[in-house]
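Coordinates from my_file.txt are shown below (compact mmCIF, C-alpha atoms).
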```txt
# COMPACT_ATOMS: atom_id res chain seq x y z
CA MET A 1 0.10 30.66 12.94
CA ALA A 2 -1.68 27.80 11.19
CA LYS A 3 0.26 24.75 10.14
CA ASP A 4 0.22 23.70 6.52
CA LYS A 5 -2.31 20.95 6.10
CA LYS A 6 -0.70 17.71 4.94
CA ILE A 7 -2.18 16.42 1.70
CA ILE A 8 -3.77 13.05 2.29
CA ALA A 9 -5.06 11.25 -0.75
CA LEU A 10 -5.95 7.75 -1.78
CA SER A 11 -5.14 6.17 -5.09
CA GLY A 12 -5.06 2.74 -6.61
CA ARG A 13 -7.37 0.17 -8.06
CA ASN A 14 -11.05 1.04 -7.77
CA ILE A 15 -10.40 4.47 -6.21
CA PHE A 16 -12.05 7.39 -7.94
CA VAL A 17 -12.73 11.06 -7.23
CA ASN A 18 -16.15 12.35 -8.21
CA ASN A 19 -16.95 15.87 -9.41
CA LYS A 20 -17.57 16.96 -5.78
CA GLY A 21 -14.03 16.00 -4.81
CA GLN A 22 -15.13 12.98 -2.77
CA THR A 23 -12.92 9.88 -2.75
CA ILE A 24 -14.93 6.84 -3.80
CA TYR A 25 -14.07 3.14 -3.47
CA TYR A 26 -15.85 1.23 -6.24
CA VAL A 27 -16.84 -2.42 -5.85
CA LYS A 28 -17.19 -3.77 -9.39
CA SER A 29 -19.16 -6.90 -8.50
CA SER A 30 -22.01 -4.98 -6.86
CA ARG A 31 -21.56 -1.70 -8.80
CA ILE A 32 -21.64 0.27 -5.57
CA GLY A 33 -19.45 3.27 -4.87
CA TYR A 34 -18.55 4.01 -1.24
CA VAL A 35 -17.55 7.55 -0.23
CA ILE A 36 -14.50 7.24 2.01
CA PRO A 37 -14.37 10.14 4.48
CA GLU A 38 -10.98 11.78 5.10
CA SER A 39 -11.10 10.65 8.73
CA GLU A 40 -10.99 7.02 7.53
CA PHE A 41 -8.22 7.40 4.92
CA ASN A 42 -5.46 5.86 7.05
CA ARG A 43 -7.64 2.92 8.11
CA PHE A 44 -8.81 2.37 4.53
CA ARG A 45 -5.24 2.54 3.20
CA MET A 46 -4.26 -0.28 5.58
CA LEU A 47 -7.29 -2.37 4.62
CA GLN A 48 -6.66 -1.67 0.93
CA ASN A 49 -3.28 -3.40 1.31
CA ARG A 50 -4.76 -6.47 3.01
CA ILE A 51 -3.20 -8.96 0.58
CA VAL A 52 0.27 -7.52 1.11
CA ILE A 53 -0.22 -7.46 4.89
CA GLY A 54 -1.28 -11.12 4.85
CA ALA A 55 1.76 -12.08 2.76
CA VAL A 56 4.15 -10.13 4.99
CA ALA A 57 2.61 -11.72 8.09
CA ALA A 58 3.13 -15.17 6.57
CA ILE A 59 6.75 -14.40 5.66
CA PHE A 60 7.55 -12.97 9.11
CA LEU A 61 6.00 -15.97 10.84
CA SER A 62 7.94 -18.33 8.63
CA VAL A 63 11.28 -16.57 9.05
CA PHE A 64 11.22 -15.26 12.61
CA ALA A 65 8.91 -17.63 14.50
CA ASN A 66 10.15 -20.90 12.98
CA VAL A 67 6.62 -21.79 11.95
CA SER A 68 6.31 -24.25 9.06
CA TYR A 69 5.65 -22.84 5.61
CA LEU A 70 2.20 -24.46 5.52
CA MET A 71 1.17 -23.04 8.89
CA SER A 72 2.55 -19.57 8.12
CA GLY A 73 0.68 -19.62 4.78
CA ILE A 74 -2.56 -20.54 6.55
CA LEU A 75 -2.02 -17.79 9.14
CA GLY A 76 -1.23 -15.28 6.36
CA ILE A 77 -4.51 -16.19 4.65
CA ALA A 78 -6.28 -15.83 8.02
CA VAL A 79 -4.86 -12.31 8.39
CA TYR A 80 -6.10 -11.45 4.88
CA VAL A 81 -9.58 -12.87 5.59
CA PHE A 82 -9.78 -10.94 8.87
CA LEU A 83 -8.83 -7.66 7.16
CA GLU A 84 -11.33 -8.35 4.35
CA PHE A 85 -14.01 -8.92 7.01
CA VAL A 86 -13.14 -5.64 8.73
CA LEU A 87 -13.32 -3.78 5.40
CA ARG A 88 -16.64 -5.30 4.29
CA SER A 89 -18.45 -5.41 7.64
CA LYS A 90 -17.02 -2.52 9.65
CA LEU A 91 -15.72 0.24 7.37
CA LEU A 92 -17.81 0.15 4.19
CA PRO A 93 -21.26 -0.04 5.84
CA LYS A 94 -20.50 3.26 7.63
CA CYS A 95 -19.76 5.01 4.32
CA THR A 96 -22.24 6.78 2.06
CA GLN A 97 -23.16 4.47 -0.83
CA PHE A 98 -23.95 5.19 -4.47
CA ALA A 99 -25.84 2.37 -6.16
CA ASN A 100 -25.07 1.85 -9.88
CA PHE A 101 -22.03 4.11 -9.58
CA VAL A 102 -20.38 4.91 -12.91
CA PRO A 103 -16.65 5.39 -12.36
CA GLU A 104 -14.84 8.26 -14.03
CA LYS A 105 -11.11 8.62 -14.62
CA ALA A 106 -9.14 7.58 -11.56
CA LYS A 107 -6.19 9.54 -10.21
CA SER A 108 -3.01 7.57 -10.68
CA THR A 109 -0.69 6.85 -7.78
CA ILE A 110 1.99 9.02 -9.37
CA GLU A 111 -0.43 11.96 -9.68
CA VAL A 112 -1.20 11.66 -5.98
CA MET A 113 2.53 11.44 -5.14
CA ALA A 114 3.19 14.57 -7.22
CA GLN A 115 1.01 16.59 -4.82
CA GLU A 116 3.63 16.19 -2.07
CA ASP A 117 6.31 18.73 -1.23
CA ASN A 118 9.55 18.50 -3.28
CA LYS A 119 11.76 18.06 -0.20
CA ARG A 120 9.60 15.23 1.05
CA LEU A 121 9.67 13.53 -2.36
CA ILE A 122 13.47 13.81 -2.57
CA LEU A 123 13.83 12.34 0.92
CA LYS A 124 11.55 9.44 0.01
CA ILE A 125 13.48 8.78 -3.21
CA VAL A 126 16.79 8.64 -1.37
CA LEU A 127 15.42 6.43 1.39
CA TRP A 128 13.69 3.97 -0.96
CA PHE A 129 16.82 3.66 -3.13
CA ALA A 130 18.95 3.17 0.00
CA LEU A 131 16.59 0.46 1.24
CA SER A 132 16.71 -1.37 -2.09
CA ILE A 133 20.52 -1.36 -2.02
CA LEU A 134 20.87 -2.21 1.67
CA LEU A 135 18.60 -5.24 1.42
CA ILE A 136 20.90 -6.79 -1.18
CA VAL A 137 24.07 -5.76 0.65
CA ASN A 138 22.66 -7.37 3.78
CA LEU A 139 22.44 -10.73 2.01
CA TYR A 140 26.15 -10.68 1.25
CA THR A 141 27.25 -9.51 4.69
CA MET A 142 25.36 -12.08 6.76
CA LYS A 143 27.61 -14.33 8.83
CA GLN A 144 25.55 -17.41 8.06
CA GLU A 145 24.34 -18.40 4.62
CA PRO A 146 20.71 -17.17 4.47
CA ASP A 147 17.87 -19.58 3.70
CA LEU A 148 16.26 -19.51 0.28
CA ILE A 149 13.12 -17.88 1.70
CA ILE A 150 15.20 -15.05 3.21
CA LYS A 151 17.03 -14.55 -0.09
CA LEU A 152 13.78 -14.46 -2.07
CA THR A 153 12.11 -12.14 0.43
CA SER A 154 15.05 -9.74 0.47
CA VAL A 155 15.26 -9.64 -3.31
CA ALA A 156 11.48 -9.17 -3.62
CA PHE A 157 11.44 -6.31 -1.10
CA SER A 158 14.50 -4.80 -2.76
CA ILE A 159 12.78 -4.83 -6.16
CA TYR A 160 9.65 -3.35 -4.58
CA ALA A 161 11.69 -0.57 -2.91
CA PHE A 162 13.42 0.19 -6.23
CA ILE A 163 10.08 0.40 -8.06
CA VAL A 164 8.62 2.73 -5.41
CA ALA A 165 11.74 4.92 -5.60
CA CYS A 166 11.34 5.12 -9.38
CA MET A 167 7.67 6.04 -8.99
CA GLN A 168 8.59 8.79 -6.52
CA LEU A 169 11.25 10.05 -8.95
CA LYS A 170 8.71 10.08 -11.78
CA ALA A 171 6.32 12.07 -9.57
CA LEU A 172 9.09 14.59 -8.82
CA LEU A 173 9.96 14.96 -12.51
CA MET A 174 6.27 15.28 -13.35
CA LYS A 175 6.08 18.41 -11.18
CA LYS A 176 8.83 20.25 -13.07
```

Please, can you express the file's structure as structure tokens?
Amino acid sequence: MAKDKKIIALSGRNIFVNNKGQTIYYVKSSRIGYVIPESEFNRFRMLQNRIVIGAVAAIFLSVFANVSYLMSGILGIAVYVFLEFVLRSKLLPKCTQFANFVPEKAKSTIEVMAQEDNKRLILKIVLWFALSILLIVNLYTMKQEPDLIIKLTSVAFSIYAFIVACMQLKALLMKK
């Protein structure tokens, strides 16, 4: 008995699907389209979020390692630069390139989310909403008064979790 194949798709800025069904990452400055093979989707997804990963690394260093804000900011930028280097020098050169690529309509993130199973979407909605609530509740239940950076980080992640939950809900409603 064959297992159902999980739908893996990329979406976001500069991600397009051509008429052959290939996922293409478009670099506007050079007008080159790179075909991202399915085997590299997970790696590309991580590298696509390099700015967020750098910011999270800086916040974690600042909060948990007692590193100064300046040093954690520099290390966060270093993480971003490293991930940018990996994307530009390791991943993209291995991909098929289309010079003078003309992008067509991109698939929105919500359209990609709507391809998932209903049960999975409902679970994600519940979990994202729970995370957004628990992050705020955590601020009020801490024994010590949290630092300003912890408050701001918790509120920012809570807002992000709420937005993602709303996007998942919109994708679920879009299917019906």

Inset, instruction - Quick one: pull the distance between atom CA of A:Cys95 and atom CA of A:Gly21, Å, one decimal. - result: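 It comes out at 15.4 Å.
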
Using only the atoms of stretch 96-106 of chain A listed in the file, plus 6 Å on each side, state the axis-aligned box centre and edge lengths in Å rounded to one decimal, as JSON.
```
{"center_x": -17.5, "center_y": 5.2, "center_z": -6.3, "size_x": 28.7, "size_y": 18.8, "size_z": 28.7}
```

Legend entry - Of the listed residues A:Gln22, A:Ser68, A:Gln115, A:Ser29, that which approaches A:Gln168 most closely, counting all atoms listed in the file: A:Gln115

Legend entry - Spatial neighbours of stretch 30-38 of chain A, max dist 6 Å, only C-alpha atoms, sep filter under 6 positions, as a ChimeraX atom specification: /A:23-24,95-101

Using all atoms listed in the file, find all polymer residues with an atom at most 12 Å away from the point (-12.3, -4.9, 6.4); report them as a CSV table (one decimal) with C-alpha atoms, in the frame of the given file.
```csv
chain,number,residue,atom,x,y,z
A,43,ARG,CA,-7.6,2.9,8.1
A,44,PHE,CA,-8.8,2.4,4.5
A,45,ARG,CA,-5.2,2.5,3.2
A,46,MET,CA,-4.3,-0.3,5.6
A,47,LEU,CA,-7.3,-2.4,4.6
A,48,GLN,CA,-6.7,-1.7,0.9
A,49,ASN,CA,-3.3,-3.4,1.3
A,50,ARG,CA,-4.8,-6.5,3.0
A,51,ILE,CA,-3.2,-9.0,0.6
A,79,VAL,CA,-4.9,-12.3,8.4
A,80,TYR,CA,-6.1,-11.4,4.9
A,81,VAL,CA,-9.6,-12.9,5.6
A,82,PHE,CA,-9.8,-10.9,8.9
A,83,LEU,CA,-8.8,-7.7,7.2
A,84,GLU,CA,-11.3,-8.4,4.4
A,85,PHE,CA,-14.0,-8.9,7.0
A,86,VAL,CA,-13.1,-5.6,8.7
A,87,LEU,CA,-13.3,-3.8,5.4
A,88,ARG,CA,-16.6,-5.3,4.3
A,89,SER,CA,-18.4,-5.4,7.6
A,90,LYS,CA,-17.0,-2.5,9.6
A,91,LEU,CA,-15.7,0.2,7.4
A,92,LEU,CA,-17.8,0.2,4.2
A,93,PRO,CA,-21.3,0.0,5.8
A,94,LYS,CA,-20.5,3.3,7.6
```

Inset, instruction - Have a look at atom CA of A:Ile163 and atom CA of A:Leu148 and let me know their distance in Å, one decimal. - result: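 Distance between the two atoms: 22.5 Å.
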
Inset, instruction - Excluding A:Ser154 and residues on its chain fewer than 4 positions from it, collect all residues at most 8 Å away from it, counting only C-alpha atoms, and give them as a ChimeraX atom specification. - result: /A:135-136,139,150,158

Inset, instruction - Record the distance separating atom CA of A:Leu61 and atom CA of A:Phe157, expressed in Å with one decimal. - result: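 Computed distance, atom CA of A:Leu61 to atom CA of A:Phe157, equals 16.3 Å.
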
Legend entry - Spatial neighbours of A:Ile122, 12 Å, only C-alpha atoms, chain gap at least 2 places, as an MDAnalysis selection string: chainID A and resid 113:114 116:120 124:129 165:173

Will you model N, CA and C atoms for stretch 93-104 of chain A and pass it back as a short mmCIF file (atom, residue, chain, number, x, y, z; two decimals), in the coordinates of the input?
```
data_model
loop_
_atom_site.label_atom_id
_atom_site.label_comp_id
_atom_site.auth_asym_id
_atom_site.auth_seq_id
_atom_site.Cartn_x
_atom_site.Cartn_y
_atom_site.Cartn_z
N PRO A 93 -19.87 -0.35 5.49
CA PRO A 93 -21.26 -0.04 5.84
C PRO A 93 -21.46 1.35 6.45
N LYS A 94 -20.40 1.92 7.04
CA LYS A 94 -20.50 3.26 7.63
C LYS A 94 -20.41 4.36 6.57
N CYS A 95 -19.98 4.02 5.37
CA CYS A 95 -19.76 5.01 4.32
C CYS A 95 -21.03 5.25 3.52
N THR A 96 -21.14 6.46 2.96
CA THR A 96 -22.24 6.78 2.06
C THR A 96 -22.09 5.93 0.80
N GLN A 97 -23.20 5.38 0.32
CA GLN A 97 -23.16 4.47 -0.83
C GLN A 97 -23.87 5.08 -2.03
N PHE A 98 -23.32 4.83 -3.21
CA PHE A 98 -23.95 5.19 -4.47
C PHE A 98 -24.22 3.91 -5.24
N ALA A 99 -25.49 3.55 -5.38
CA ALA A 99 -25.84 2.37 -6.16
C ALA A 99 -25.66 2.69 -7.64
N ASN A 100 -25.29 1.70 -8.43
CA ASN A 100 -25.07 1.85 -9.88
C ASN A 100 -24.10 2.99 -10.18
N PHE A 101 -23.03 3.07 -9.41
CA PHE A 101 -22.03 4.11 -9.58
C PHE A 101 -21.30 3.90 -10.90
N VAL A 102 -21.12 4.96 -11.65
CA VAL A 102 -20.38 4.91 -12.91
C VAL A 102 -19.04 5.59 -12.68
N PRO A 103 -17.95 4.81 -12.66
CA PRO A 103 -16.65 5.39 -12.36
C PRO A 103 -16.15 6.29 -13.49
N GLU A 104 -15.48 7.36 -13.07
CA GLU A 104 -14.84 8.26 -14.03
C GLU A 104 -13.36 7.95 -14.02
#
```
